[in-house]
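Student: I'd like to ask some things about the structure below.
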Amino acid sequence: MLISNLSVAPPIVGPKSTERCMNHGRKGKHNFKVSASEFPAFLPSEVEKIKDPFARKLASRIERLPVHLSLAKTCIMSSCVKPKTQLDMSPLVLLHGFDSSCLEWRYTLPLLEEAGLETWAIDVLGWGFSDLEKLPSCSVASKRDHLYQFWKSYIKRPMTLVGPSLGAAVAIDFVIKYPEAVNLLKSLPLRLYATSLTFNSLSWSTCFEWANIGRLHCLLPWWEDATVDFMISGGYNVSTDIEKVKQKTLIIWGEDDQIIDNKLAVRLHCELPNAIIRQLPDCGHIPHVEKPAAVSKLITEFVQAECKIATPSFILS
């Protein structure tokens with residue numbers, strides 16, 4: 001996961017930390033009872049079958065905002081979770097990984113809000129729950145343009161950008177092009193397999209539930225065309241751009257990542273000119289799902305420290 005004010009790190013949440021997070025929620029002010037009528041109508045009807053209270057609560061907050069794409073010369077209704085309050089400090093903007101959605105942040109986003117951070121979760125163009133019935137290009141350039149137009153229309157201030165997994169490439173690609181803006185799978189068996197690789201020691205019931213949450217956006221009718229369009233475009237290649245990122249950066253990495261070797265985290269740390277790295281033990285590829293409390297603490301400390309010295313930054317995972 002990469003966090004930059006630009007920051008990047010891949011957060012992951014295991015059964016034990018998830019249970020602690022849920023217990024924390026029961027003790028706090030959260031109300032996780034969400035009826036089917038409270039879900040936005042544009043979500044697939046299968047959302048009603050999701051049992052995870054954190055996923056249900058975040059799904060109930062997803063909305064669509066109009067975003068005018070300059071490259072496609074069209075307007076789409078872009079899905080996101082808006083912050084509950086707007087503050088004077090730099091806002092936190094959460095991206096997600098490949099073929100995923102803002103529901104990745106179901107455990108960590110509430111903790112970041114509790115810590116007093118203005119927090120957005122944005123669906124990357126082509127994935128998530130945006131209305132893509134009139135399908136625009138979903139290439140790298142289009143994803144970059146979408147994020148910039150969203151930022152220009154609604155955020156309008158330098159932000160701390162958080163990119164887990166492929167979201168780290170999205171963040172690096174974006175910050176190189178727009179430095180002023182940054183304070184710096186549909187098959188259920190395949191989803192089950194990917195989920196078992198991504199997270200450590202999940203029970204079968206949790207693995208099945210998380211796979212269903214992860215594939216919910218795949219049930220929208222344009223998902224396949226949008227994903228194929230991105231794959232044909234060649235995907236992200238930011239290896240030559242890493243050294244150009246001058247913003248203060250936090251790298252969060254799961255030591256037990258089975259998707260990407262954590263030696264690459266050390267390499268990334270060496271190549272980023274102004275980065276610090278924090279590796280999480282007993283953690284896989286998506287720390288913000290597997291270790292939400294630890295990730296929230298690292299992000300909060302990073303943002304608060306950067307606010308005190310007023311330097312641009314971002315977060316990678």
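How things are named: the first chain in the structure tokens is A, the next is B, and so on; residues count from 1 in each chain; ligands count from 1 in the order shown.
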Using only C-alpha atoms, I'd like a table of the residues in stretch 202-263 of chain A that come within 9 Å of stretch 123-135 of chain A; for each, show the closest atom pair and its distance in Å rounded to one decimal, ordered by chain and ascending number, as a Markdown table.

Tutor:
| residue | atom | partner | partner_atom | distance |
| --- | --- | --- | --- | --- |
| A:Leu216 | CA | A:Gly128 | CA | 8.5 |
| A:His217 | CA | A:Gly128 | CA | 5.3 |
| A:Cys218 | CA | A:Trp127 | CA | 7.9 |
| A:Leu220 | CA | A:Phe129 | CA | 7.6 |
| A:Pro221 | CA | A:Glu133 | CA | 7.7 |
| A:Trp222 | CA | A:Leu132 | CA | 6.2 |
| A:Trp223 | CA | A:Trp127 | CA | 6.8 |
| A:Asp225 | CA | A:Leu135 | CA | 7.9 |
| A:Ala226 | CA | A:Gly126 | CA | 5.0 |
| A:Thr227 | CA | A:Gly126 | CA | 6.4 |
| A:Asp229 | CA | A:Gly126 | CA | 8.6 |
| A:Phe230 | CA | A:Gly126 | CA | 7.7 |

Student: Only all heavy atoms, please: the residues just picked out, written as an mmCIF file, in the first residue's frame.

Tutor:
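Final output, out31.cif:
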data_model
loop_
_atom_site.group_PDB
_atom_site.id
_atom_site.type_symbol
_atom_site.label_atom_id
_atom_site.label_comp_id
_atom_site.auth_asym_id
_atom_site.auth_seq_id
_atom_site.Cartn_x
_atom_site.Cartn_y
_atom_site.Cartn_z
ATOM 1 N N LEU A 216 -19.027 -8.318 -5.984
ATOM 2 C CA LEU A 216 -20.345 -7.686 -6.107
ATOM 3 C C LEU A 216 -20.412 -6.749 -7.315
ATOM 4 O O LEU A 216 -21.384 -6.760 -8.074
ATOM 5 C CB LEU A 216 -20.677 -6.922 -4.818
ATOM 6 C CG LEU A 216 -22.077 -6.292 -4.755
ATOM 7 C CD1 LEU A 216 -23.157 -7.375 -4.797
ATOM 8 C CD2 LEU A 216 -22.226 -5.453 -3.478
ATOM 9 N N HIS A 217 -19.346 -5.946 -7.526
ATOM 10 C CA HIS A 217 -19.356 -4.999 -8.648
ATOM 11 C C HIS A 217 -19.307 -5.709 -9.997
ATOM 12 O O HIS A 217 -19.692 -5.131 -11.023
ATOM 13 C CB HIS A 217 -18.167 -4.027 -8.540
ATOM 14 C CG HIS A 217 -16.847 -4.689 -8.737
ATOM 15 N ND1 HIS A 217 -16.255 -5.480 -7.776
ATOM 16 C CD2 HIS A 217 -16.002 -4.711 -9.808
ATOM 17 C CE1 HIS A 217 -15.112 -5.945 -8.236
ATOM 18 N NE2 HIS A 217 -14.924 -5.494 -9.461
ATOM 19 N N CYS A 218 -18.833 -6.974 -10.001
ATOM 20 C CA CYS A 218 -18.733 -7.723 -11.259
ATOM 21 C C CYS A 218 -20.111 -8.065 -11.826
ATOM 22 O O CYS A 218 -20.220 -8.478 -12.994
ATOM 23 C CB CYS A 218 -17.953 -9.019 -11.050
ATOM 24 S SG CYS A 218 -16.272 -8.804 -10.464
ATOM 25 N N LEU A 220 -22.512 -5.991 -12.303
ATOM 26 C CA LEU A 220 -23.037 -4.906 -13.139
ATOM 27 C C LEU A 220 -22.812 -5.260 -14.621
ATOM 28 O O LEU A 220 -21.796 -5.873 -14.971
ATOM 29 C CB LEU A 220 -22.344 -3.590 -12.797
ATOM 30 C CG LEU A 220 -22.683 -3.041 -11.396
ATOM 31 C CD1 LEU A 220 -21.777 -1.878 -11.041
ATOM 32 C CD2 LEU A 220 -24.139 -2.631 -11.306
ATOM 33 N N PRO A 221 -23.738 -4.883 -15.512
ATOM 34 C CA PRO A 221 -23.707 -5.392 -16.898
ATOM 35 C C PRO A 221 -22.497 -4.963 -17.719
ATOM 36 O O PRO A 221 -22.168 -5.619 -18.715
ATOM 37 C CB PRO A 221 -25.010 -4.844 -17.503
ATOM 38 C CG PRO A 221 -25.400 -3.697 -16.630
ATOM 39 C CD PRO A 221 -24.925 -4.053 -15.248
ATOM 40 N N TRP A 222 -21.821 -3.861 -17.341
ATOM 41 C CA TRP A 222 -20.698 -3.367 -18.142
ATOM 42 C C TRP A 222 -19.338 -3.816 -17.615
ATOM 43 O O TRP A 222 -18.321 -3.461 -18.164
ATOM 44 C CB TRP A 222 -20.724 -1.834 -18.185
ATOM 45 C CG TRP A 222 -21.009 -1.240 -16.842
ATOM 46 C CD1 TRP A 222 -20.155 -1.082 -15.791
ATOM 47 C CD2 TRP A 222 -22.273 -0.762 -16.386
ATOM 48 N NE1 TRP A 222 -20.789 -0.538 -14.713
ATOM 49 C CE2 TRP A 222 -22.099 -0.327 -15.052
ATOM 50 C CE3 TRP A 222 -23.547 -0.648 -16.981
ATOM 51 C CZ2 TRP A 222 -23.153 0.207 -14.304
ATOM 52 C CZ3 TRP A 222 -24.577 -0.129 -16.234
ATOM 53 C CH2 TRP A 222 -24.390 0.297 -14.920
ATOM 54 N N TRP A 223 -19.331 -4.615 -16.544
ATOM 55 C CA TRP A 223 -18.060 -4.977 -15.896
ATOM 56 C C TRP A 223 -17.086 -5.637 -16.868
ATOM 57 O O TRP A 223 -15.917 -5.270 -16.959
ATOM 58 C CB TRP A 223 -18.317 -5.897 -14.707
ATOM 59 C CG TRP A 223 -17.057 -6.538 -14.198
ATOM 60 C CD1 TRP A 223 -16.134 -5.982 -13.358
ATOM 61 C CD2 TRP A 223 -16.563 -7.845 -14.511
ATOM 62 N NE1 TRP A 223 -15.096 -6.858 -13.135
ATOM 63 C CE2 TRP A 223 -15.337 -8.008 -13.829
ATOM 64 C CE3 TRP A 223 -17.039 -8.893 -15.300
ATOM 65 C CZ2 TRP A 223 -14.584 -9.173 -13.925
ATOM 66 C CZ3 TRP A 223 -16.294 -10.057 -15.388
ATOM 67 C CH2 TRP A 223 -15.080 -10.185 -14.709
ATOM 68 N N ASP A 225 -16.837 -5.665 -20.220
ATOM 69 C CA ASP A 225 -16.317 -4.800 -21.276
ATOM 70 C C ASP A 225 -15.313 -3.794 -20.722
ATOM 71 O O ASP A 225 -14.285 -3.507 -21.355
ATOM 72 C CB ASP A 225 -17.463 -4.052 -21.965
ATOM 73 C CG ASP A 225 -18.315 -4.976 -22.829
ATOM 74 O OD1 ASP A 225 -17.819 -6.051 -23.207
ATOM 75 O OD2 ASP A 225 -19.479 -4.624 -23.108
ATOM 76 N N ALA A 226 -15.605 -3.242 -19.532
ATOM 77 C CA ALA A 226 -14.707 -2.251 -18.929
ATOM 78 C C ALA A 226 -13.363 -2.877 -18.572
ATOM 79 O O ALA A 226 -12.303 -2.270 -18.772
ATOM 80 C CB ALA A 226 -15.345 -1.636 -17.689
ATOM 81 N N THR A 227 -13.392 -4.101 -18.037
ATOM 82 C CA THR A 227 -12.158 -4.775 -17.645
ATOM 83 C C THR A 227 -11.337 -5.178 -18.870
ATOM 84 O O THR A 227 -10.112 -5.014 -18.894
ATOM 85 C CB THR A 227 -12.477 -6.015 -16.785
ATOM 86 O OG1 THR A 227 -13.184 -5.595 -15.609
ATOM 87 C CG2 THR A 227 -11.209 -6.735 -16.360
ATOM 88 N N ASP A 229 -11.367 -3.696 -21.746
ATOM 89 C CA ASP A 229 -10.822 -2.460 -22.310
ATOM 90 C C ASP A 229 -9.540 -2.051 -21.595
ATOM 91 O O ASP A 229 -8.557 -1.650 -22.225
ATOM 92 C CB ASP A 229 -11.864 -1.338 -22.202
ATOM 93 C CG ASP A 229 -11.410 -0.067 -22.891
ATOM 94 O OD1 ASP A 229 -11.448 -0.009 -24.131
ATOM 95 O OD2 ASP A 229 -10.999 0.876 -22.186
ATOM 96 N N PHE A 230 -9.539 -2.175 -20.263
ATOM 97 C CA PHE A 230 -8.333 -1.838 -19.498
ATOM 98 C C PHE A 230 -7.191 -2.796 -19.834
ATOM 99 O O PHE A 230 -6.045 -2.369 -20.043
ATOM 100 C CB PHE A 230 -8.629 -1.893 -18.000
ATOM 101 C CG PHE A 230 -7.394 -1.840 -17.148
ATOM 102 C CD1 PHE A 230 -6.660 -0.663 -17.032
ATOM 103 C CD2 PHE A 230 -6.953 -2.970 -16.472
ATOM 104 C CE1 PHE A 230 -5.514 -0.614 -16.257
ATOM 105 C CE2 PHE A 230 -5.805 -2.928 -15.687
ATOM 106 C CZ PHE A 230 -5.085 -1.745 -15.587
#

Student: Can you list, as a PyMOL selection string, all residues belonging to stretch 84-298 of chain A that DSSP tags as helix (DSSP H, G or I)?

Tutor: chain A and resi 102-105+108-114+140-155+166-177+179-181+188-198+204-219+223-232+242-244+263-271+287-290+292-298

Student: Can you tell me how far atom CA of A:Trp210 sits from atom CA of A:Leu103, in Å to one decimal?

Tutor: 10.2 Å

Student: Take atom CA of A:Met77 and atom CA of A:Ser137 and report the distance between them in Å, one decimal.

Tutor: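 Atom CA of A:Met77 sits 14.6 Å away from atom CA of A:Ser137.
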
Student: Determine, using only C-alpha atoms, which residues of stretch 59-85 of chain A have any atom at most 9 Å from an atom of stretch 39-50 of chain A, and tabulate each with its shortest atom pair and distance in Å to one decimal place, rows ordered by chain and then rising number, as CSV.

Tutor:
residue,atom,partner,partner_atom,distance
A:Ala59,CA,A:Phe39,CA,6.6
A:Ser60,CA,A:Phe39,CA,4.6
A:Arg61,CA,A:Phe39,CA,7.8
A:Ile62,CA,A:Pro40,CA,7.1
A:Glu63,CA,A:Pro40,CA,7.1

Student: Can you measure atom CA of A:Leu250 to atom CA of A:Ala275 for me? One decimal in Å is fine.

Tutor: 5.7 Å

Student: Considering only C-alpha atoms, can you say which of A:Leu95, A:Ala72, A:Leu219, A:Val162 comes closest to A:Val303?

Tutor: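 Closest candidate: A:Val162.
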
Student: Please identify the strand (DSSP E) residues within stretch 75-123 of chain A (assignment by DSSP from backbone atoms) and present them as a list in words.

Tutor: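 Answer for stretch 75-123 of chain A, restricted to strand (DSSP E): Cys75, Ile76, Met77, Ser78, Ser79, Cys80, Val81, Leu92, Val93, Leu94, Thr119, Trp120, Ala121 and Ile122 of chain A.
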
Student: Nearest residue to A:Met231 out of A:Ile252, A:Leu298, A:Val140, A:Leu280, using only C-alpha atoms?

Tutor: A:Val140

Student: For A:Ser139, which residue among A:Ala181, A:Ile213, A:Val170, A:Val245 is the nearest when counting only C-alpha atoms?

Tutor: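 Of A:Ala181, A:Ile213, A:Val170, A:Val245, the one nearest A:Ser139, counting only C-alpha atoms, is A:Val170.
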
Student: Have a look at A:His285, A:His269, A:Lys244, A:Arg157 and name the one nearest to A:Asp257; count only C-alpha atoms.

Tutor: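 Under the stated criterion, the closest residue is A:His285.
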
Student: Looking at only C-alpha atoms, which of A:Ile176, A:Cys75, A:Leu117, A:Leu87 is the one that sits closest to A:His146?

Tutor: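 Between A:Ile176, A:Cys75, A:Leu117, A:Leu87, the residue approaching A:His146 most closely is A:Cys75.
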
Student: Rank A:Pro292, A:Gly167, A:Gly235, A:Pro179 by their smallest atom-to-atom distance to A:Ser101, using only C-alpha atoms, and report the top residue only.

Tutor: A:Gly167
